[in-house]
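Asker: Structure: protein-v4.cif, mmCIF, N, CA and C atoms.
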data_model
#
loop_
_atom_site.label_atom_id
_atom_site.label_comp_id
_atom_site.auth_asym_id
_atom_site.auth_seq_id
_atom_site.Cartn_x
_atom_site.Cartn_y
_atom_site.Cartn_z
N MET A 2 -4.40 4.87 -9.65
CA MET A 2 -5.38 3.95 -9.08
C MET A 2 -6.38 4.78 -8.28
N SER A 3 -7.51 4.22 -8.04
CA SER A 3 -8.57 4.97 -7.38
C SER A 3 -9.10 4.23 -6.17
N SER A 4 -9.31 4.98 -5.09
CA SER A 4 -9.81 4.35 -3.87
C SER A 4 -11.26 3.94 -4.00
N LYS A 5 -11.93 4.29 -5.10
CA LYS A 5 -13.31 3.86 -5.31
C LYS A 5 -13.39 2.34 -5.29
N ARG A 6 -12.28 1.68 -5.62
CA ARG A 6 -12.25 0.22 -5.64
C ARG A 6 -11.94 -0.36 -4.28
N SER A 7 -11.64 0.45 -3.33
CA SER A 7 -11.17 -0.03 -2.04
C SER A 7 -12.13 -1.04 -1.42
N LYS A 8 -11.59 -2.20 -1.10
CA LYS A 8 -12.37 -3.25 -0.45
C LYS A 8 -12.16 -3.22 1.06
N ASN A 9 -11.33 -2.31 1.53
CA ASN A 9 -11.00 -2.21 2.94
C ASN A 9 -11.21 -0.76 3.39
N PRO A 10 -12.48 -0.30 3.41
CA PRO A 10 -12.75 1.12 3.66
C PRO A 10 -12.32 1.62 5.03
N ALA A 11 -12.07 0.73 5.98
CA ALA A 11 -11.66 1.17 7.31
C ALA A 11 -10.25 1.77 7.28
N LEU A 12 -9.44 1.38 6.32
CA LEU A 12 -8.09 1.92 6.20
C LEU A 12 -8.11 3.23 5.41
N PRO A 13 -7.41 4.25 5.88
CA PRO A 13 -7.27 5.46 5.06
C PRO A 13 -6.57 5.11 3.74
N VAL A 14 -6.97 5.79 2.68
CA VAL A 14 -6.41 5.55 1.35
C VAL A 14 -5.85 6.86 0.80
N LEU A 15 -5.18 6.76 -0.33
CA LEU A 15 -4.53 7.93 -0.92
C LEU A 15 -5.49 9.09 -1.15
N ASP A 16 -6.70 8.80 -1.60
CA ASP A 16 -7.67 9.88 -1.83
C ASP A 16 -7.92 10.67 -0.54
N ASP A 17 -7.90 10.00 0.61
CA ASP A 17 -8.07 10.70 1.89
C ASP A 17 -6.92 11.70 2.10
N ALA A 18 -5.71 11.25 1.81
CA ALA A 18 -4.54 12.10 2.02
C ALA A 18 -4.51 13.28 1.05
N PHE A 19 -4.97 13.07 -0.18
CA PHE A 19 -4.96 14.15 -1.15
C PHE A 19 -5.90 15.29 -0.75
N ARG A 20 -6.81 15.05 0.19
CA ARG A 20 -7.69 16.10 0.68
C ARG A 20 -7.07 16.93 1.81
N LEU A 21 -5.97 16.47 2.37
CA LEU A 21 -5.30 17.18 3.46
C LEU A 21 -4.65 18.46 2.96
N ALA A 22 -4.76 19.52 3.75
CA ALA A 22 -4.17 20.81 3.38
C ALA A 22 -2.67 20.68 3.14
N SER A 23 -1.99 19.92 3.98
CA SER A 23 -0.53 19.78 3.84
C SER A 23 -0.15 19.15 2.51
N VAL A 24 -0.97 18.23 2.02
CA VAL A 24 -0.70 17.59 0.73
C VAL A 24 -1.06 18.54 -0.41
N LYS A 25 -2.19 19.23 -0.28
CA LYS A 25 -2.61 20.19 -1.31
C LYS A 25 -1.57 21.29 -1.48
N GLU A 26 -0.92 21.68 -0.37
CA GLU A 26 0.06 22.76 -0.40
C GLU A 26 1.43 22.31 -0.89
N ALA A 27 1.65 21.02 -0.97
CA ALA A 27 2.95 20.50 -1.42
C ALA A 27 3.16 20.85 -2.89
N ASP A 28 4.41 21.04 -3.26
CA ASP A 28 4.76 21.30 -4.65
C ASP A 28 4.21 20.16 -5.51
N GLU A 29 3.74 20.50 -6.70
CA GLU A 29 3.13 19.49 -7.57
C GLU A 29 4.05 18.31 -7.84
N SER A 30 5.34 18.57 -7.93
CA SER A 30 6.29 17.50 -8.23
C SER A 30 6.47 16.52 -7.06
N THR A 31 6.10 16.93 -5.85
CA THR A 31 6.26 16.06 -4.68
C THR A 31 4.92 15.68 -4.04
N ARG A 32 3.83 16.11 -4.66
CA ARG A 32 2.51 15.89 -4.05
C ARG A 32 2.17 14.40 -3.91
N ASP A 33 2.49 13.59 -4.90
CA ASP A 33 2.19 12.16 -4.81
C ASP A 33 2.91 11.52 -3.63
N LEU A 34 4.20 11.80 -3.49
CA LEU A 34 4.96 11.24 -2.36
C LEU A 34 4.42 11.78 -1.04
N ALA A 35 4.07 13.06 -1.00
CA ALA A 35 3.50 13.63 0.23
C ALA A 35 2.21 12.92 0.61
N ALA A 36 1.38 12.60 -0.38
CA ALA A 36 0.13 11.88 -0.11
C ALA A 36 0.41 10.46 0.37
N ARG A 37 1.39 9.81 -0.21
CA ARG A 37 1.72 8.45 0.20
C ARG A 37 2.25 8.42 1.63
N LEU A 38 3.10 9.38 1.97
CA LEU A 38 3.63 9.45 3.33
C LEU A 38 2.53 9.83 4.32
N ALA A 39 1.63 10.73 3.93
CA ALA A 39 0.51 11.10 4.80
C ALA A 39 -0.42 9.91 5.01
N THR A 40 -0.65 9.13 3.97
CA THR A 40 -1.47 7.92 4.10
C THR A 40 -0.84 6.95 5.08
N THR A 41 0.48 6.83 5.02
CA THR A 41 1.20 5.97 5.97
C THR A 41 0.90 6.40 7.40
N GLU A 42 1.03 7.69 7.67
CA GLU A 42 0.80 8.20 9.02
C GLU A 42 -0.67 8.07 9.44
N LEU A 43 -1.60 8.32 8.51
CA LEU A 43 -3.02 8.16 8.82
C LEU A 43 -3.33 6.71 9.21
N ARG A 44 -2.75 5.77 8.47
CA ARG A 44 -2.98 4.35 8.78
C ARG A 44 -2.37 3.97 10.12
N ARG A 45 -1.19 4.45 10.39
CA ARG A 45 -0.54 4.12 11.67
C ARG A 45 -1.33 4.68 12.84
N ALA A 46 -1.88 5.87 12.67
CA ALA A 46 -2.65 6.49 13.75
C ALA A 46 -4.01 5.81 13.93
N SER A 47 -4.66 5.45 12.83
CA SER A 47 -6.01 4.87 12.93
C SER A 47 -6.00 3.37 13.20
N HIS A 48 -4.91 2.69 12.87
CA HIS A 48 -4.80 1.23 13.06
C HIS A 48 -3.44 0.91 13.67
N PRO A 49 -3.23 1.28 14.94
CA PRO A 49 -1.91 1.08 15.55
C PRO A 49 -1.51 -0.40 15.69
N GLY A 50 -2.44 -1.32 15.58
CA GLY A 50 -2.12 -2.73 15.69
C GLY A 50 -1.65 -3.35 14.38
N ARG A 51 -1.78 -2.62 13.30
CA ARG A 51 -1.34 -3.12 11.99
C ARG A 51 0.01 -2.51 11.63
N VAL A 52 0.79 -3.27 10.91
CA VAL A 52 2.08 -2.77 10.45
C VAL A 52 1.86 -2.11 9.08
N THR A 53 2.35 -0.88 8.95
CA THR A 53 2.29 -0.17 7.68
C THR A 53 3.70 0.24 7.28
N TRP A 54 4.06 -0.10 6.05
CA TRP A 54 5.37 0.23 5.50
C TRP A 54 5.22 1.42 4.57
N GLU A 55 6.17 2.34 4.66
CA GLU A 55 6.19 3.51 3.79
C GLU A 55 6.53 3.10 2.37
N PRO A 56 6.21 3.95 1.39
CA PRO A 56 6.60 3.64 0.01
C PRO A 56 8.11 3.63 -0.19
N THR A 57 8.83 4.19 0.77
CA THR A 57 10.30 4.20 0.68
C THR A 57 10.95 2.99 1.36
N ASP A 58 10.15 2.13 1.98
CA ASP A 58 10.69 0.93 2.64
C ASP A 58 10.97 -0.13 1.58
N GLN A 59 12.21 -0.15 1.13
CA GLN A 59 12.57 -1.03 0.02
C GLN A 59 12.99 -2.43 0.45
N ALA A 60 13.41 -2.59 1.69
CA ALA A 60 13.83 -3.90 2.17
C ALA A 60 12.60 -4.71 2.56
N GLU A 61 12.52 -5.92 2.04
CA GLU A 61 11.40 -6.79 2.37
C GLU A 61 11.43 -7.11 3.86
N PRO A 62 10.29 -6.97 4.54
CA PRO A 62 10.28 -7.23 5.99
C PRO A 62 10.49 -8.70 6.31
N VAL A 63 10.97 -8.96 7.52
CA VAL A 63 11.16 -10.32 8.01
C VAL A 63 10.45 -10.42 9.34
N PRO A 64 9.49 -11.32 9.48
CA PRO A 64 8.95 -12.19 8.45
C PRO A 64 8.09 -11.39 7.47
N VAL A 65 7.95 -11.93 6.28
CA VAL A 65 7.18 -11.28 5.23
C VAL A 65 5.70 -11.59 5.42
N PRO A 66 4.84 -10.56 5.36
CA PRO A 66 3.41 -10.84 5.48
C PRO A 66 2.91 -11.55 4.22
N PRO A 67 1.91 -12.41 4.35
CA PRO A 67 1.40 -13.12 3.17
C PRO A 67 0.51 -12.24 2.30
N THR A 68 -0.08 -11.19 2.88
CA THR A 68 -0.95 -10.29 2.14
C THR A 68 -0.73 -8.87 2.64
N VAL A 69 -0.91 -7.91 1.75
CA VAL A 69 -0.87 -6.50 2.12
C VAL A 69 -1.94 -5.75 1.34
N VAL A 70 -2.29 -4.59 1.87
CA VAL A 70 -3.22 -3.69 1.20
C VAL A 70 -2.41 -2.48 0.75
N ASP A 71 -2.57 -2.08 -0.52
CA ASP A 71 -1.79 -0.95 -1.04
C ASP A 71 -2.42 0.39 -0.68
N GLY A 72 -1.87 1.47 -1.20
CA GLY A 72 -2.33 2.81 -0.87
C GLY A 72 -3.77 3.09 -1.26
N ASP A 73 -4.29 2.37 -2.23
CA ASP A 73 -5.68 2.54 -2.65
C ASP A 73 -6.62 1.56 -1.95
N GLY A 74 -6.08 0.69 -1.12
CA GLY A 74 -6.91 -0.28 -0.42
C GLY A 74 -7.07 -1.59 -1.16
N ASP A 75 -6.27 -1.80 -2.20
CA ASP A 75 -6.35 -3.04 -2.98
C ASP A 75 -5.43 -4.11 -2.39
N LEU A 76 -5.88 -5.35 -2.45
CA LEU A 76 -5.18 -6.49 -1.88
C LEU A 76 -4.11 -7.02 -2.82
N TRP A 77 -2.96 -7.37 -2.24
CA TRP A 77 -1.85 -8.02 -2.96
C TRP A 77 -1.46 -9.27 -2.18
N LEU A 78 -1.16 -10.35 -2.91
CA LEU A 78 -0.77 -11.62 -2.30
C LEU A 78 0.67 -11.95 -2.67
N ARG A 79 1.37 -12.54 -1.72
CA ARG A 79 2.76 -12.95 -1.95
C ARG A 79 2.80 -14.42 -2.33
N ASP A 80 3.53 -14.72 -3.38
CA ASP A 80 3.77 -16.10 -3.78
C ASP A 80 4.95 -16.60 -2.94
N ARG A 81 4.68 -17.55 -2.05
CA ARG A 81 5.74 -18.03 -1.15
C ARG A 81 6.89 -18.68 -1.91
N GLY A 82 6.60 -19.27 -3.04
CA GLY A 82 7.65 -19.95 -3.81
C GLY A 82 8.63 -18.99 -4.47
N THR A 83 8.10 -17.88 -5.01
CA THR A 83 8.97 -16.94 -5.73
C THR A 83 9.26 -15.67 -4.96
N GLY A 84 8.44 -15.39 -3.93
CA GLY A 84 8.61 -14.16 -3.16
C GLY A 84 8.09 -12.93 -3.87
N THR A 85 7.34 -13.13 -4.95
CA THR A 85 6.80 -12.00 -5.69
C THR A 85 5.35 -11.75 -5.31
N TRP A 86 4.84 -10.59 -5.75
CA TRP A 86 3.51 -10.14 -5.36
C TRP A 86 2.59 -9.98 -6.56
N THR A 87 1.33 -10.38 -6.40
CA THR A 87 0.33 -10.20 -7.45
C THR A 87 -0.97 -9.68 -6.85
N MET A 88 -1.76 -9.04 -7.69
CA MET A 88 -3.07 -8.54 -7.29
C MET A 88 -4.11 -9.55 -7.77
N PRO A 89 -4.75 -10.29 -6.83
CA PRO A 89 -5.67 -11.35 -7.24
C PRO A 89 -6.93 -10.84 -7.93
N GLU A 90 -7.33 -9.61 -7.67
CA GLU A 90 -8.56 -9.08 -8.27
C GLU A 90 -8.28 -8.23 -9.50
N PHE A 91 -7.10 -8.41 -10.10
CA PHE A 91 -6.75 -7.61 -11.26
C PHE A 91 -7.76 -7.80 -12.39
N ASN A 92 -8.23 -6.69 -12.90
CA ASN A 92 -9.13 -6.65 -14.04
C ASN A 92 -8.62 -5.54 -14.94
N PRO A 93 -8.20 -5.85 -16.17
CA PRO A 93 -7.61 -4.81 -17.02
C PRO A 93 -8.55 -3.65 -17.34
N LYS A 94 -9.84 -3.85 -17.17
CA LYS A 94 -10.79 -2.77 -17.41
C LYS A 94 -10.86 -1.79 -16.23
N GLU A 95 -10.43 -2.25 -15.07
CA GLU A 95 -10.54 -1.46 -13.85
C GLU A 95 -9.21 -0.91 -13.35
N PHE A 96 -8.13 -1.62 -13.61
CA PHE A 96 -6.83 -1.30 -13.04
C PHE A 96 -5.81 -0.98 -14.12
N PRO A 97 -4.81 -0.17 -13.80
CA PRO A 97 -3.70 0.05 -14.74
C PRO A 97 -2.99 -1.28 -15.02
N ALA A 98 -2.42 -1.41 -16.20
CA ALA A 98 -1.77 -2.66 -16.61
C ALA A 98 -0.71 -3.12 -15.61
N ARG A 99 -0.01 -2.20 -15.01
CA ARG A 99 1.06 -2.54 -14.06
C ARG A 99 0.54 -3.40 -12.91
N CYS A 100 -0.73 -3.24 -12.55
CA CYS A 100 -1.31 -4.03 -11.46
C CYS A 100 -1.45 -5.51 -11.82
N GLY A 101 -1.41 -5.82 -13.08
CA GLY A 101 -1.50 -7.20 -13.52
C GLY A 101 -0.16 -7.90 -13.61
N GLU A 102 0.90 -7.19 -13.33
CA GLU A 102 2.24 -7.76 -13.41
C GLU A 102 2.65 -8.38 -12.09
N VAL A 103 3.66 -9.22 -12.14
CA VAL A 103 4.26 -9.82 -10.95
C VAL A 103 5.35 -8.86 -10.49
N LEU A 104 5.26 -8.42 -9.23
CA LEU A 104 6.17 -7.40 -8.72
C LEU A 104 7.00 -7.90 -7.55
N THR A 105 8.16 -7.30 -7.37
CA THR A 105 8.97 -7.55 -6.18
C THR A 105 8.45 -6.66 -5.06
N TRP A 106 8.90 -6.90 -3.84
CA TRP A 106 8.50 -6.06 -2.70
C TRP A 106 8.86 -4.60 -2.98
N SER A 107 10.09 -4.35 -3.42
CA SER A 107 10.52 -2.97 -3.61
C SER A 107 9.69 -2.27 -4.69
N GLN A 108 9.35 -2.98 -5.77
CA GLN A 108 8.49 -2.39 -6.80
C GLN A 108 7.10 -2.09 -6.24
N LEU A 109 6.56 -3.03 -5.50
CA LEU A 109 5.22 -2.86 -4.92
C LEU A 109 5.20 -1.68 -3.95
N ALA A 110 6.17 -1.62 -3.05
CA ALA A 110 6.22 -0.54 -2.06
C ALA A 110 6.39 0.81 -2.74
N CYS A 111 7.30 0.90 -3.67
CA CYS A 111 7.61 2.17 -4.34
C CYS A 111 6.43 2.66 -5.20
N GLU A 112 5.82 1.78 -5.96
CA GLU A 112 4.79 2.18 -6.91
C GLU A 112 3.38 2.23 -6.33
N PHE A 113 3.10 1.40 -5.31
CA PHE A 113 1.74 1.30 -4.81
C PHE A 113 1.62 1.51 -3.30
N GLY A 114 2.73 1.81 -2.62
CA GLY A 114 2.71 2.01 -1.18
C GLY A 114 1.99 3.27 -0.78
N PRO A 115 1.67 3.37 0.50
CA PRO A 115 2.12 2.51 1.58
C PRO A 115 1.44 1.14 1.53
N LEU A 116 2.08 0.20 2.16
CA LEU A 116 1.56 -1.16 2.25
C LEU A 116 1.23 -1.45 3.71
N THR A 117 0.08 -2.06 3.93
CA THR A 117 -0.36 -2.37 5.29
C THR A 117 -0.71 -3.85 5.38
N GLY A 118 -0.18 -4.51 6.42
CA GLY A 118 -0.53 -5.90 6.67
C GLY A 118 -1.98 -6.01 7.11
N LEU A 119 -2.60 -7.12 6.80
CA LEU A 119 -4.00 -7.31 7.17
C LEU A 119 -4.19 -7.68 8.62
N ALA A 120 -3.21 -8.36 9.20
CA ALA A 120 -3.35 -8.80 10.59
C ALA A 120 -3.04 -7.67 11.55
N ASP A 121 -3.81 -7.60 12.63
CA ASP A 121 -3.51 -6.65 13.71
C ASP A 121 -2.50 -7.32 14.63
N ASP A 122 -1.27 -7.44 14.16
CA ASP A 122 -0.24 -8.15 14.89
C ASP A 122 1.11 -7.54 14.57
N ARG A 123 1.68 -6.82 15.49
CA ARG A 123 2.94 -6.13 15.25
C ARG A 123 4.12 -7.10 15.05
N ARG A 124 3.94 -8.36 15.38
CA ARG A 124 5.04 -9.31 15.18
C ARG A 124 5.24 -9.59 13.69
N VAL A 125 4.19 -9.44 12.88
CA VAL A 125 4.31 -9.65 11.44
C VAL A 125 5.13 -8.52 10.85
N GLY A 126 6.16 -8.85 10.13
CA GLY A 126 6.95 -7.84 9.45
C GLY A 126 7.90 -7.06 10.32
N GLY A 127 8.14 -7.51 11.52
CA GLY A 127 9.20 -6.92 12.32
C GLY A 127 8.85 -5.66 13.09
N GLY A 128 7.60 -5.47 13.48
CA GLY A 128 7.27 -4.34 14.33
C GLY A 128 6.81 -3.11 13.60
N ARG A 129 6.74 -2.01 14.32
CA ARG A 129 6.23 -0.76 13.73
C ARG A 129 7.19 -0.26 12.68
N ARG A 130 6.67 -0.04 11.53
CA ARG A 130 7.44 0.50 10.43
C ARG A 130 6.71 1.68 9.86
#
Could you quickly redo this structure as structure tokens?
Answerer:
Amino acid sequence: MSSKRSKNPALPVLDDAFRLASVKEADESTRDLAARLATTELRRASHPGRVTWEPTDQAEPVPVPPTVVDGDGDLWLRDRGTGTWTMPEFNPKEFPARCGEVLTWSQLACEFGPLTGLADDRRVGGGRR
């Protein structure tokens, strides 16, 4: 995915992290995870009022946020009835096919994290993560 689509430019995105020396120096096999973890820390530092979950946070937070922004800055919505997540702006010409699927929290966090809540409210999702 590409941060060129980012609708939330105030949040650091994966492309920002890939420019960091620490990420560039990471072994190629771990560079993606290093960028995702660096993005998590960049978001926490730049937006301390928002909750950001790492890509390794597999347990769904309680309470669950209704919307999150993924590592590229794209919006995902939670279906309250099923507890699954979808990307409302999915366009097959712009996004990988996986973005058009219905995902669980763990799939979303692992494949598209870090995830950041939209509200500047630490009570959403159980505090700093």
Asker: Find the residue from A:Ala60, A:Arg99, A:Val70, A:Trp86 that sits nearest to Ala11 in chain A; use only C-alpha atoms when measuring.
Answerer: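 When distances to Ala11 in chain A are compared using only C-alpha atoms, the smallest one comes from A:Val70.
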Asker: Measure the distance from atom C of Thr68 in chain A to CA of Ala35 in chain A in Å and round it to one decimal.
Answerer: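 Value for the atom C of Thr68 in chain A-CA of Ala35 in chain A distance: 23.0 Å.
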Asker: Just the residues within 7 Å of range 106-108 of chain A, please, counting all atoms listed in the file, with nothing from its chain fewer than 4 positions along; format it as a list in words.
Answerer: Asp58, Gln59, Ala60, Glu61, Gly84, Thr85, Trp86, Glu112, Phe113 and Gly114 of chain A
Asker: Save the residues we just selected, N, CA and C atoms, as a short mmCIF file (atom, residue, chain, number, x, y, z; two decimals), in the frame of the given file?
Answerer:
data_model
loop_
_atom_site.label_atom_id
_atom_site.label_comp_id
_atom_site.auth_asym_id
_atom_site.auth_seq_id
_atom_site.Cartn_x
_atom_site.Cartn_y
_atom_site.Cartn_z
N ASP A 58 10.15 2.13 1.98
CA ASP A 58 10.69 0.93 2.64
C ASP A 58 10.97 -0.13 1.58
N GLN A 59 12.21 -0.15 1.13
CA GLN A 59 12.57 -1.03 0.02
C GLN A 59 12.99 -2.43 0.45
N ALA A 60 13.41 -2.59 1.69
CA ALA A 60 13.83 -3.90 2.17
C ALA A 60 12.60 -4.71 2.56
N GLU A 61 12.52 -5.92 2.04
CA GLU A 61 11.40 -6.79 2.37
C GLU A 61 11.43 -7.11 3.86
N GLY A 84 8.44 -15.39 -3.93
CA GLY A 84 8.61 -14.16 -3.16
C GLY A 84 8.09 -12.93 -3.87
N THR A 85 7.34 -13.13 -4.95
CA THR A 85 6.80 -12.00 -5.69
C THR A 85 5.35 -11.75 -5.31
N TRP A 86 4.84 -10.59 -5.75
CA TRP A 86 3.51 -10.14 -5.36
C TRP A 86 2.59 -9.98 -6.56
N GLU A 112 5.82 1.78 -5.96
CA GLU A 112 4.79 2.18 -6.91
C GLU A 112 3.38 2.23 -6.33
N PHE A 113 3.10 1.40 -5.31
CA PHE A 113 1.74 1.30 -4.81
C PHE A 113 1.62 1.51 -3.30
N GLY A 114 2.73 1.81 -2.62
CA GLY A 114 2.71 2.01 -1.18
C GLY A 114 1.99 3.27 -0.78
#
Asker: Which one of A:Asp28, A:Asp71, A:Asp33, A:Glu95 sits closest to Pro115 in chain A if you count only C-alpha atoms?
Answerer: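 Among the listed residues, A:Asp71 lies closest to Pro115 in chain A.
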Asker: Apply the PyMOL selection byres (((chain A and resi 103 and name CA) around 9) and name CA) to the displayed file and report the matching residues as an MDAnalysis selection string.
Answerer: chainID A and resid 85:88 99:102 104:105
